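input.pdb, holding PDB, C-alpha atoms and all ligand atoms:
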```
MODEL        1
ATOM      1  CA  MET A   1     136.182-101.341 147.178
ATOM      2  CA  THR A   2     133.901-103.646 145.205
ATOM      3  CA  ASP A   3     135.618-106.438 143.309
ATOM      4  CA  GLU A   4     133.961-106.592 139.887
ATOM      5  CA  ARG A   5     134.700-110.323 139.672
ATOM      6  CA  ASN A   6     132.311-111.027 142.569
ATOM      7  CA  ALA A   7     128.516-111.359 142.675
ATOM      8  CA  ILE A   8     126.508-108.249 143.539
ATOM      9  CA  GLU A   9     122.849-107.989 144.536
ATOM     10  CA  ILE A  10     120.868-105.847 142.108
ATOM     11  CA  ALA A  11     117.519-106.000 143.906
ATOM     12  CA  GLY A  12     115.594-108.012 146.468
ATOM     13  CA  SER A  13     115.478-108.945 150.117
ATOM     14  CA  ALA A  14     117.166-111.622 152.229
ATOM     15  CA  ASP A  15     115.047-114.510 150.883
ATOM     16  CA  HIS A  16     114.658-113.375 147.269
ATOM     17  CA  ARG A  17     117.662-111.829 145.605
ATOM     18  CA  PHE A  18     118.348-110.880 141.983
ATOM     19  CA  MET A  19     122.116-111.252 141.609
ATOM     20  CA  TRP A  20     124.651-110.158 138.998
ATOM     21  CA  LEU A  21     127.420-112.762 138.838
ATOM     22  CA  GLY A  22     130.559-110.739 138.275
ATOM     23  CA  ALA A  23     132.528-109.391 135.332
ATOM     24  CA  GLY A  24     134.709-111.695 133.256
ATOM     25  CA  ASP A  25     138.454-111.252 133.007
ATOM     26  CA  PRO A  26     139.111-110.411 129.323
ATOM     27  CA  GLU A  27     142.496-112.140 129.582
ATOM     28  CA  THR A  28     140.952-115.517 130.357
ATOM     29  CA  GLU A  29     137.330-115.303 129.190
ATOM     30  CA  LYS A  30     137.311-115.332 125.424
ATOM     31  CA  GLY A  31     134.555-113.851 123.291
ATOM     32  CA  ILE A  32     132.116-111.005 123.775
ATOM     33  CA  ALA A  33     131.847-109.765 127.374
ATOM     34  CA  SER A  34     128.595-111.088 128.836
ATOM     35  CA  ASN A  35     126.562-110.687 132.001
ATOM     36  CA  GLN A  36     125.237-113.645 133.955
ATOM     37  CA  TYR A  37     122.560-113.429 136.618
ATOM     38  CA  ALA A  38     120.838-115.653 139.177
ATOM     39  CA  ILE A  39     117.622-115.379 141.140
ATOM     40  CA  VAL A  40     118.165-116.856 144.595
ATOM     41  CA  ALA A  41     114.803-117.517 146.231
ATOM     42  CA  GLY A  42     113.620-119.929 148.903
ATOM     43  CA  GLY A  43     117.147-121.339 149.214
ATOM     44  CA  GLU A  44     117.370-122.286 145.511
ATOM     45  CA  ALA A  45     119.047-120.625 142.539
ATOM     46  CA  LEU A  46     117.842-120.177 138.973
ATOM     47  CA  LEU A  47     120.571-119.118 136.521
ATOM     48  CA  LEU A  48     119.777-116.660 133.737
ATOM     49  CA  ASP A  49     121.865-117.051 130.557
ATOM     50  CA  PRO A  50     124.760-118.794 132.356
ATOM     51  CA  GLY A  51     127.307-117.903 129.677
ATOM     52  CA  GLY A  52     129.998-119.428 127.528
ATOM     53  CA  TYR A  53     132.415-122.227 128.322
ATOM     54  CA  HIS A  54     135.169-119.896 129.534
ATOM     55  CA  SER A  55     132.911-118.082 131.996
ATOM     56  CA  PHE A  56     131.934-121.223 133.910
ATOM     57  CA  GLU A  57     134.699-121.100 136.534
ATOM     58  CA  ARG A  58     133.904-117.545 137.647
ATOM     59  CA  VAL A  59     130.120-117.935 137.471
ATOM     60  CA  PHE A  60     130.194-121.230 139.347
ATOM     61  CA  ALA A  61     132.393-119.783 142.114
ATOM     62  CA  ASN A  62     130.012-116.859 142.529
ATOM     63  CA  VAL A  63     126.863-118.988 142.584
ATOM     64  CA  ALA A  64     128.464-121.487 144.981
ATOM     65  CA  GLY A  65     129.025-118.546 147.327
ATOM     66  CA  LEU A  66     125.253-118.017 147.387
ATOM     67  CA  VAL A  67     123.789-121.548 147.543
ATOM     68  CA  GLU A  68     125.038-125.117 147.681
ATOM     69  CA  PRO A  69     125.561-126.417 144.122
ATOM     70  CA  LYS A  70     122.766-128.999 144.569
ATOM     71  CA  LYS A  71     120.395-126.067 145.149
ATOM     72  CA  ILE A  72     120.991-124.747 141.621
ATOM     73  CA  THR A  73     117.716-126.133 140.366
ATOM     74  CA  GLY A  74     117.178-124.407 137.054
ATOM     75  CA  VAL A  75     118.595-122.449 134.179
ATOM     76  CA  PHE A  76     116.797-120.061 131.856
ATOM     77  CA  LEU A  77     118.162-119.610 128.331
ATOM     78  CA  SER A  78     116.866-116.517 126.551
ATOM     79  CA  HIS A  79     117.941-118.085 123.243
ATOM     80  CA  GLN A  80     120.440-120.521 121.702
ATOM     81  CA  ASP A  81     123.620-118.502 121.172
ATOM     82  CA  PRO A  82     127.056-119.793 122.329
ATOM     83  CA  ASP A  83     127.531-116.857 124.719
ATOM     84  CA  VAL A  84     124.314-117.994 126.436
ATOM     85  CA  VAL A  85     124.610-121.781 126.276
ATOM     86  CA  GLY A  86     128.321-122.668 125.960
ATOM     87  CA  SER A  87     128.725-123.545 129.663
ATOM     88  CA  LEU A  88     125.616-125.738 129.850
ATOM     89  CA  VAL A  89     127.453-129.074 129.779
ATOM     90  CA  SER A  90     129.586-127.958 132.737
ATOM     91  CA  TRP A  91     126.470-126.936 134.676
ATOM     92  CA  LEU A  92     124.780-130.253 133.966
ATOM     93  CA  GLU A  93     127.840-132.067 135.326
ATOM     94  CA  VAL A  94     127.354-130.142 138.586
ATOM     95  CA  GLN A  95     123.597-130.566 138.709
ATOM     96  CA  PRO A  96     122.255-133.157 136.198
ATOM     97  CA  SER A  97     118.658-132.764 137.369
ATOM     98  CA  MET A  98     118.399-129.025 136.818
ATOM     99  CA  LYS A  99     115.492-127.840 134.686
ATOM    100  CA  ILE A 100     116.384-126.049 131.445
ATOM    101  CA  TYR A 101     113.797-123.425 130.494
ATOM    102  CA  VAL A 102     114.175-122.583 126.811
ATOM    103  CA  SER A 103     112.032-121.868 123.758
ATOM    104  CA  GLY A 104     110.424-125.031 122.392
ATOM    105  CA  LEU A 105     112.010-124.055 119.084
ATOM    106  CA  TRP A 106     115.504-124.760 120.397
ATOM    107  CA  GLU A 107     114.990-127.949 122.387
ATOM    108  CA  ARG A 108     115.976-130.159 119.420
ATOM    109  CA  PHE A 109     119.065-128.118 118.568
ATOM    110  CA  LEU A 110     120.718-127.848 121.980
ATOM    111  CA  PRO A 111     121.865-131.513 122.154
ATOM    112  CA  HIS A 112     124.430-130.509 119.496
ATOM    113  CA  PHE A 113     126.304-128.743 122.316
ATOM    114  CA  ALA A 114     127.242-132.292 123.453
ATOM    115  CA  LEU A 115     124.659-132.289 126.232
ATOM    116  CA  PRO A 116     124.379-135.507 128.247
ATOM    117  CA  ALA A 117     121.370-137.715 127.601
ATOM    118  CA  LEU A 118     117.925-136.541 128.562
ATOM    119  CA  PRO A 119     118.398-133.212 130.299
ATOM    120  CA  ASP A 120     115.189-131.952 131.895
ATOM    121  CA  PHE A 121     114.046-129.479 129.236
ATOM    122  CA  VAL A 122     111.011-127.313 129.911
ATOM    123  CA  ALA A 123     109.968-126.031 126.496
ATOM    124  CA  ILE A 124     108.561-122.503 126.663
ATOM    125  CA  PRO A 125     105.697-122.110 124.174
ATOM    126  CA  ASP A 126     105.710-119.222 121.701
ATOM    127  CA  GLU A 127     103.098-117.317 123.700
ATOM    128  CA  GLY A 128     105.253-117.453 126.865
ATOM    129  CA  SER A 129     104.597-119.015 130.259
ATOM    130  CA  SER A 130     105.445-118.589 133.913
ATOM    131  CA  VAL A 131     107.054-120.535 136.711
ATOM    132  CA  THR A 132     106.670-120.373 140.474
ATOM    133  CA  LEU A 133     109.882-120.305 142.507
ATOM    134  CA  ALA A 134     110.506-122.046 145.836
ATOM    135  CA  ASP A 135     109.451-118.898 147.723
ATOM    136  CA  GLY A 136     106.141-118.669 145.813
ATOM    137  CA  ALA A 137     107.223-115.751 143.593
ATOM    138  CA  GLN A 138     106.209-115.805 139.941
ATOM    139  CA  LEU A 139     108.544-115.410 136.998
ATOM    140  CA  ARG A 140     107.142-114.614 133.557
ATOM    141  CA  PHE A 141     108.798-115.728 130.339
ATOM    142  CA  VAL A 142     107.920-112.840 128.038
ATOM    143  CA  PRO A 143     107.975-113.495 124.270
ATOM    144  CA  ALA A 144     110.660-111.404 122.562
ATOM    145  CA  HIS A 145     110.833-113.285 119.283
ATOM    146  CA  GLY A 146     113.083-111.776 116.652
ATOM    147  CA  LEU A 147     115.008-109.819 119.308
ATOM    148  CA  HIS A 148     117.188-111.361 118.098
ATOM    149  CA  SER A 149     116.519-115.101 117.887
ATOM    150  CA  PRO A 150     113.312-116.503 116.328
ATOM    151  CA  GLY A 151     112.636-118.328 119.622
ATOM    152  CA  ASN A 152     113.580-115.678 122.162
ATOM    153  CA  PHE A 153     112.305-114.728 125.621
ATOM    154  CA  ALA A 154     112.864-112.077 128.241
ATOM    155  CA  LEU A 155     112.187-112.877 131.893
ATOM    156  CA  TYR A 156     110.253-110.728 134.378
ATOM    157  CA  ASP A 157     110.656-111.239 138.128
ATOM    158  CA  GLU A 158     107.541-109.802 139.779
ATOM    159  CA  ARG A 159     109.094-109.799 143.266
ATOM    160  CA  THR A 160     112.102-107.599 142.429
ATOM    161  CA  ARG A 161     110.523-105.877 139.401
ATOM    162  CA  VAL A 162     113.597-106.770 137.336
ATOM    163  CA  LEU A 163     113.308-107.445 133.606
ATOM    164  CA  PHE A 164     116.113-109.665 132.321
ATOM    165  CA  SER A 165     116.144-108.653 128.669
ATOM    166  CA  GLY A 166     118.702-111.014 127.079
ATOM    167  CA  ASP A 167     120.318-109.385 124.055
ATOM    168  CA  LEU A 168     117.782-106.545 124.051
ATOM    169  CA  GLY A 169     119.579-103.595 125.623
ATOM    170  CA  ALA A 170     122.968-105.077 124.789
ATOM    171  CA  ALA A 171     125.779-102.534 124.548
ATOM    172  CA  LEU A 172     129.258-102.969 123.150
ATOM    173  CA  VAL A 173     131.151-100.762 125.581
ATOM    174  CA  PRO A 174     134.825 -99.979 124.818
ATOM    175  CA  PRO A 175     137.340-101.552 127.207
ATOM    176  CA  GLY A 176     137.876 -99.399 130.261
ATOM    177  CA  GLU A 177     134.527 -97.600 129.950
ATOM    178  CA  TRP A 178     132.209-100.304 131.268
ATOM    179  CA  SER A 179     130.255 -99.761 134.478
ATOM    180  CA  MET A 180     127.680-102.063 136.066
ATOM    181  CA  PHE A 181     124.922 -99.431 135.811
ATOM    182  CA  VAL A 182     124.400 -97.079 132.893
ATOM    183  CA  GLY A 183     126.051 -93.736 133.620
ATOM    184  CA  ASP A 184     125.629 -91.232 130.774
ATOM    185  CA  PHE A 185     122.518 -92.498 128.980
ATOM    186  CA  GLU A 186     123.059 -90.522 125.757
ATOM    187  CA  LYS A 187     126.609 -91.803 125.458
ATOM    188  CA  HIS A 188     125.420 -95.337 126.206
ATOM    189  CA  CYS A 189     122.956 -95.174 123.274
ATOM    190  CA  GLY A 190     125.977 -94.884 121.009
ATOM    191  CA  TYR A 191     127.205 -98.244 122.335
ATOM    192  CA  MET A 192     123.800 -99.906 121.776
ATOM    193  CA  ASP A 193     122.828 -98.463 118.423
ATOM    194  CA  GLY A 194     124.832-100.578 115.966
ATOM    195  CA  PHE A 195     124.089-103.852 117.730
ATOM    196  CA  HIS A 196     120.343-103.224 117.854
ATOM    197  CA  ARG A 197     120.099-102.162 114.222
ATOM    198  CA  ARG A 198     121.980-105.224 112.999
ATOM    199  CA  PHE A 199     120.996-108.000 115.419
ATOM    200  CA  LEU A 200     117.292-107.312 116.008
ATOM    201  CA  ALA A 201     115.214-108.733 113.193
ATOM    202  CA  SER A 202     112.538-106.113 112.659
ATOM    203  CA  THR A 203     110.929-102.977 114.002
ATOM    204  CA  LYS A 204     107.566-104.770 114.076
ATOM    205  CA  ALA A 205     108.983-107.387 116.484
ATOM    206  CA  LEU A 206     110.418-104.654 118.675
ATOM    207  CA  ARG A 207     107.120-102.749 118.871
ATOM    208  CA  ALA A 208     105.246-105.991 119.687
ATOM    209  CA  PHE A 209     107.563-106.599 122.637
ATOM    210  CA  LEU A 210     107.151-103.057 123.949
ATOM    211  CA  GLU A 211     103.377-103.484 123.755
ATOM    212  CA  GLN A 212     103.565-106.595 125.939
ATOM    213  CA  ILE A 213     105.452-104.912 128.742
ATOM    214  CA  ARG A 214     103.474-101.648 128.659
ATOM    215  CA  GLY A 215     102.237-100.899 132.192
ATOM    216  CA  VAL A 216     104.400-103.581 133.843
ATOM    217  CA  PRO A 217     106.246-102.085 136.840
ATOM    218  CA  ILE A 218     109.958-102.390 136.030
ATOM    219  CA  ASP A 219     112.692-100.973 138.277
ATOM    220  CA  PHE A 220     115.695-102.524 136.513
ATOM    221  CA  VAL A 221     116.444-103.780 132.998
ATOM    222  CA  CYS A 222     119.322-106.266 133.033
ATOM    223  CA  PRO A 223     120.745-107.114 129.585
ATOM    224  CA  GLN A 224     123.127-109.935 128.697
ATOM    225  CA  HIS A 225     125.790-107.475 127.485
ATOM    226  CA  GLY A 226     126.701-104.014 128.683
ATOM    227  CA  SER A 227     125.303-102.087 131.643
ATOM    228  CA  ILE A 228     122.125-102.330 133.747
ATOM    229  CA  PHE A 229     119.376 -99.710 133.465
ATOM    230  CA  ARG A 230     117.858 -98.408 136.693
ATOM    231  CA  GLY A 231     115.770 -95.477 137.863
ATOM    232  CA  GLU A 232     114.832 -93.012 135.137
ATOM    233  CA  ASP A 233     117.093 -94.792 132.650
ATOM    234  CA  VAL A 234     114.537 -97.647 132.469
ATOM    235  CA  GLN A 235     111.906 -95.431 130.832
ATOM    236  CA  ARG A 236     114.577 -93.643 128.794
ATOM    237  CA  PHE A 237     115.606 -97.023 127.415
ATOM    238  CA  PHE A 238     112.031 -97.983 126.460
ATOM    239  CA  ASP A 239     111.511 -94.549 124.876
ATOM    240  CA  TRP A 240     114.731 -95.028 122.888
ATOM    241  CA  LEU A 241     113.533 -98.432 121.666
ATOM    242  CA  ALA A 242     110.149 -96.996 120.694
ATOM    243  CA  GLU A 243     111.842 -94.645 118.210
ATOM    244  CA  LEU A 244     114.327 -97.157 116.822
ATOM    245  CA  GLU A 245     114.180 -98.676 113.339
ATOM    246  CA  VAL A 246     115.976-102.023 113.337
ATOM    247  CA  GLY A 247     116.889-105.047 111.245
ATOM    248  CA  PHE A 248     115.601-105.340 107.713
ATOM    249  CA  ASP A 249     113.423-102.245 108.258
ATOM    250  CA  HIS A 250     116.466-100.035 108.643
ATOM    251  CA  ARG A 251     117.772 -98.434 105.457
ATOM    252  CA  ASP A 252     121.393 -99.197 106.385
ATOM    253  CA  TRP A 253     120.918-102.873 107.234
ATOM    254  CA  GLY A 254     123.972-104.885 106.233
ATOM    255  CA  LYS A 255     126.256-101.911 105.705
ATOM    256  CA  PRO A 256     129.512-102.251 107.589
ATOM    257  CA  ARG A 257     129.701-100.340 110.851
TER     258      ARG A 257
HETATM  259 FE    FE B   1     122.462-113.623 120.950
HETATM  260 FE    FE B   2     124.307-112.322 123.593
ENDMDL
END
```
Translate the structure of the given file into structure tokens.
Amino acid sequence: MTDERNAIEIAGSADHRFMWLGAGDPETEKGIASNQYAIVAGGEALLLDPGGYHSFERVFANVAGLVEPKKITGVFLSHQDPDVVGSLVSWLEVQPSMKIYVSGLWERFLPHFALPALPDFVAIPDEGSSVTLADGAQLRFVPAHGLHSPGNFALYDERTRVLFSGDLGAALVPPGEWSMFVGDFEKHCGYMDGFHRRFLASTKALRAFLEQIRGVPIDFVCPQHGSIFRGEDVQRFFDWLAELEVGFDHRDWGKPR
């Protein structure tokens, strides 16, 4: 039986693996349940949205089972929220020289998380950029501004065809109903709907993002909250987004739900 606290490979091969880093224990990990991921390639690991302060112990144990801590060479932050960034000081204590890939908008704000002096920020420009991993594979930082942060990026791994979507695709699944992959898609939409309508800024921003990824081969969509989309659920998810009215464009914005 699979232990949900442990890391699981989502896609890849022996030398390039896209990993999910285990489910948090709600008794000990406070705050919204969040997914953390790592791309392990060429013997190095890049963390994707490493999580809040309370998730560090679990995430570190799972990454340390994949590579030596000194081989954790980078961290990608989709945006600036505490559930994304709250563990960053702990990670920098493990690996002070790691690169921190984040929107250039947020570089000046992150030191308020009590970061040590001069972390190695790599500011991602508004139009996006890419990085080459130790195995030569390319990662693309895809602009997703307004979904929900004003400086917000998704990440596309061309080798595994995984899109890490940050808060896009987030689902607030009731306790006891969560599964790593989406099961009943229609039911899952009910867990995504309220979050997307309230947290995404505008329908225009959402359509602009969908336009950017049109034609890109994507086998998995991995969000920061909820379940992973695979197979036919990937296109179902994009079709669902294409019909959605969100943020200030939605007639019910701000109403309690
Ligand atoms: Fe967020
Ligand atoms: Fe989040």
Task: Picked residues, the PyMOL selection byres (((not hetatm)) within 8 of (chain B and resi 1)), as a PyMOL selection string - done: chain A and resi 79-84+148-149+166-167
Task: Who sits within 6 Å of Met98 of chain A, all atoms listed in the file, same chain under 3 positions skipped, as a PyMOL selection string - done: chain A and resi 73-74+95
Open item on the list: For the PyMOL selection byres (((chain A and resi 28) around 12) and not hetatm), applied here, can you spell out every residue it catches as number ranges by chain?
Closed with: A: 23-27, 29-33, 52-58
Task: Test item: residues at most 12 Å from Ala61 of chain A, all atoms listed in the file, excluding those fewer than 4 positions along its chain, as a ChimeraX atom specification - done: /A:5-7,21-22,55-57,65-69,91
TODO: Counting all atoms listed in the file, find the residues whose atoms lie at most 9 Å from (108.1, -109.7, 134.6) (file coordinates) and write them out as a PyMOL selection string.
DONE: chain A and resi 138-142+154-159+161-164+213+216-218
Task: Explicit residues for the PyMOL selection byres (((chain A and resi 170) around 6) and not hetatm) (as a list in words) - done: Asp167, Leu168, Gly169, Ala171, Pro223, His225 and Gly226 of chain A
Task: Computed interatomic separation between atom CA of Val122 of chain A and atom CA of Thr203 of chain A (Å) - done: 29.1 Å
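With all atoms listed in the file as the atoms that count, the residue of A:Asp249, A:Glu4, A:Glu232, A:Asp49 with the shortest distance to ligand FE 2 (chain B) is A:Asp49.
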Open item on the list: Can you pull out the residues contacting His188 of chain A? Cut-off 10 Å, using all atoms listed in the file, and skip same-chain residues under 5 positions away; I want them as JSON, numbers by chain.
Closed with: {"A": [171, 172, 173, 178, 182, 183, 193, 226, 227]}
TODO: Rank A:Phe18, A:Phe209, A:Phe199, A:Phe185 by their smallest atom-to-atom distance to ligand FE 2 (chain B), using only C-alpha atoms and all ligand atoms, and report the top residue only.
DONE: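 When distances to ligand FE 2 (chain B) are compared using only C-alpha atoms and all ligand atoms, the smallest one comes from A:Phe199.
The closest residue to Asp120 of chain A, picked from A:Ser97, A:Thr132, A:Ser90, A:Ser103 and counting all atoms listed in the file, is A:Ser97.
Of note, atom CA of Ile72 of chain A and atom CA of Gly146 of chain A are spaced 29.2 Å apart.
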- [ ] Using atom CA of Asn35 of chain A and atom CA of Phe220 of chain A as the two end points, give the distance in Å to one decimal.
- [x]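 A separation of 14.3 Å between them.
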Draw an axis-aligned box tight on the listed atoms of segment 36-50 of chain A, then pad every side by 4 Å and write out centre and edge lengths in Å to one decimal as lines of an AutoDock Vina configuration file.
```
center_x = 119.4
center_y = -117.9
center_z = 139.9
size_x = 19.6
size_y = 16.9
size_z = 26.7
```
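In this comparison, which uses only C-alpha atoms and all ligand atoms, the residue of A:Gly51, A:Leu210, A:Trp253, A:Phe121 approaching ligand FE 2 (chain B) most closely is A:Gly51.
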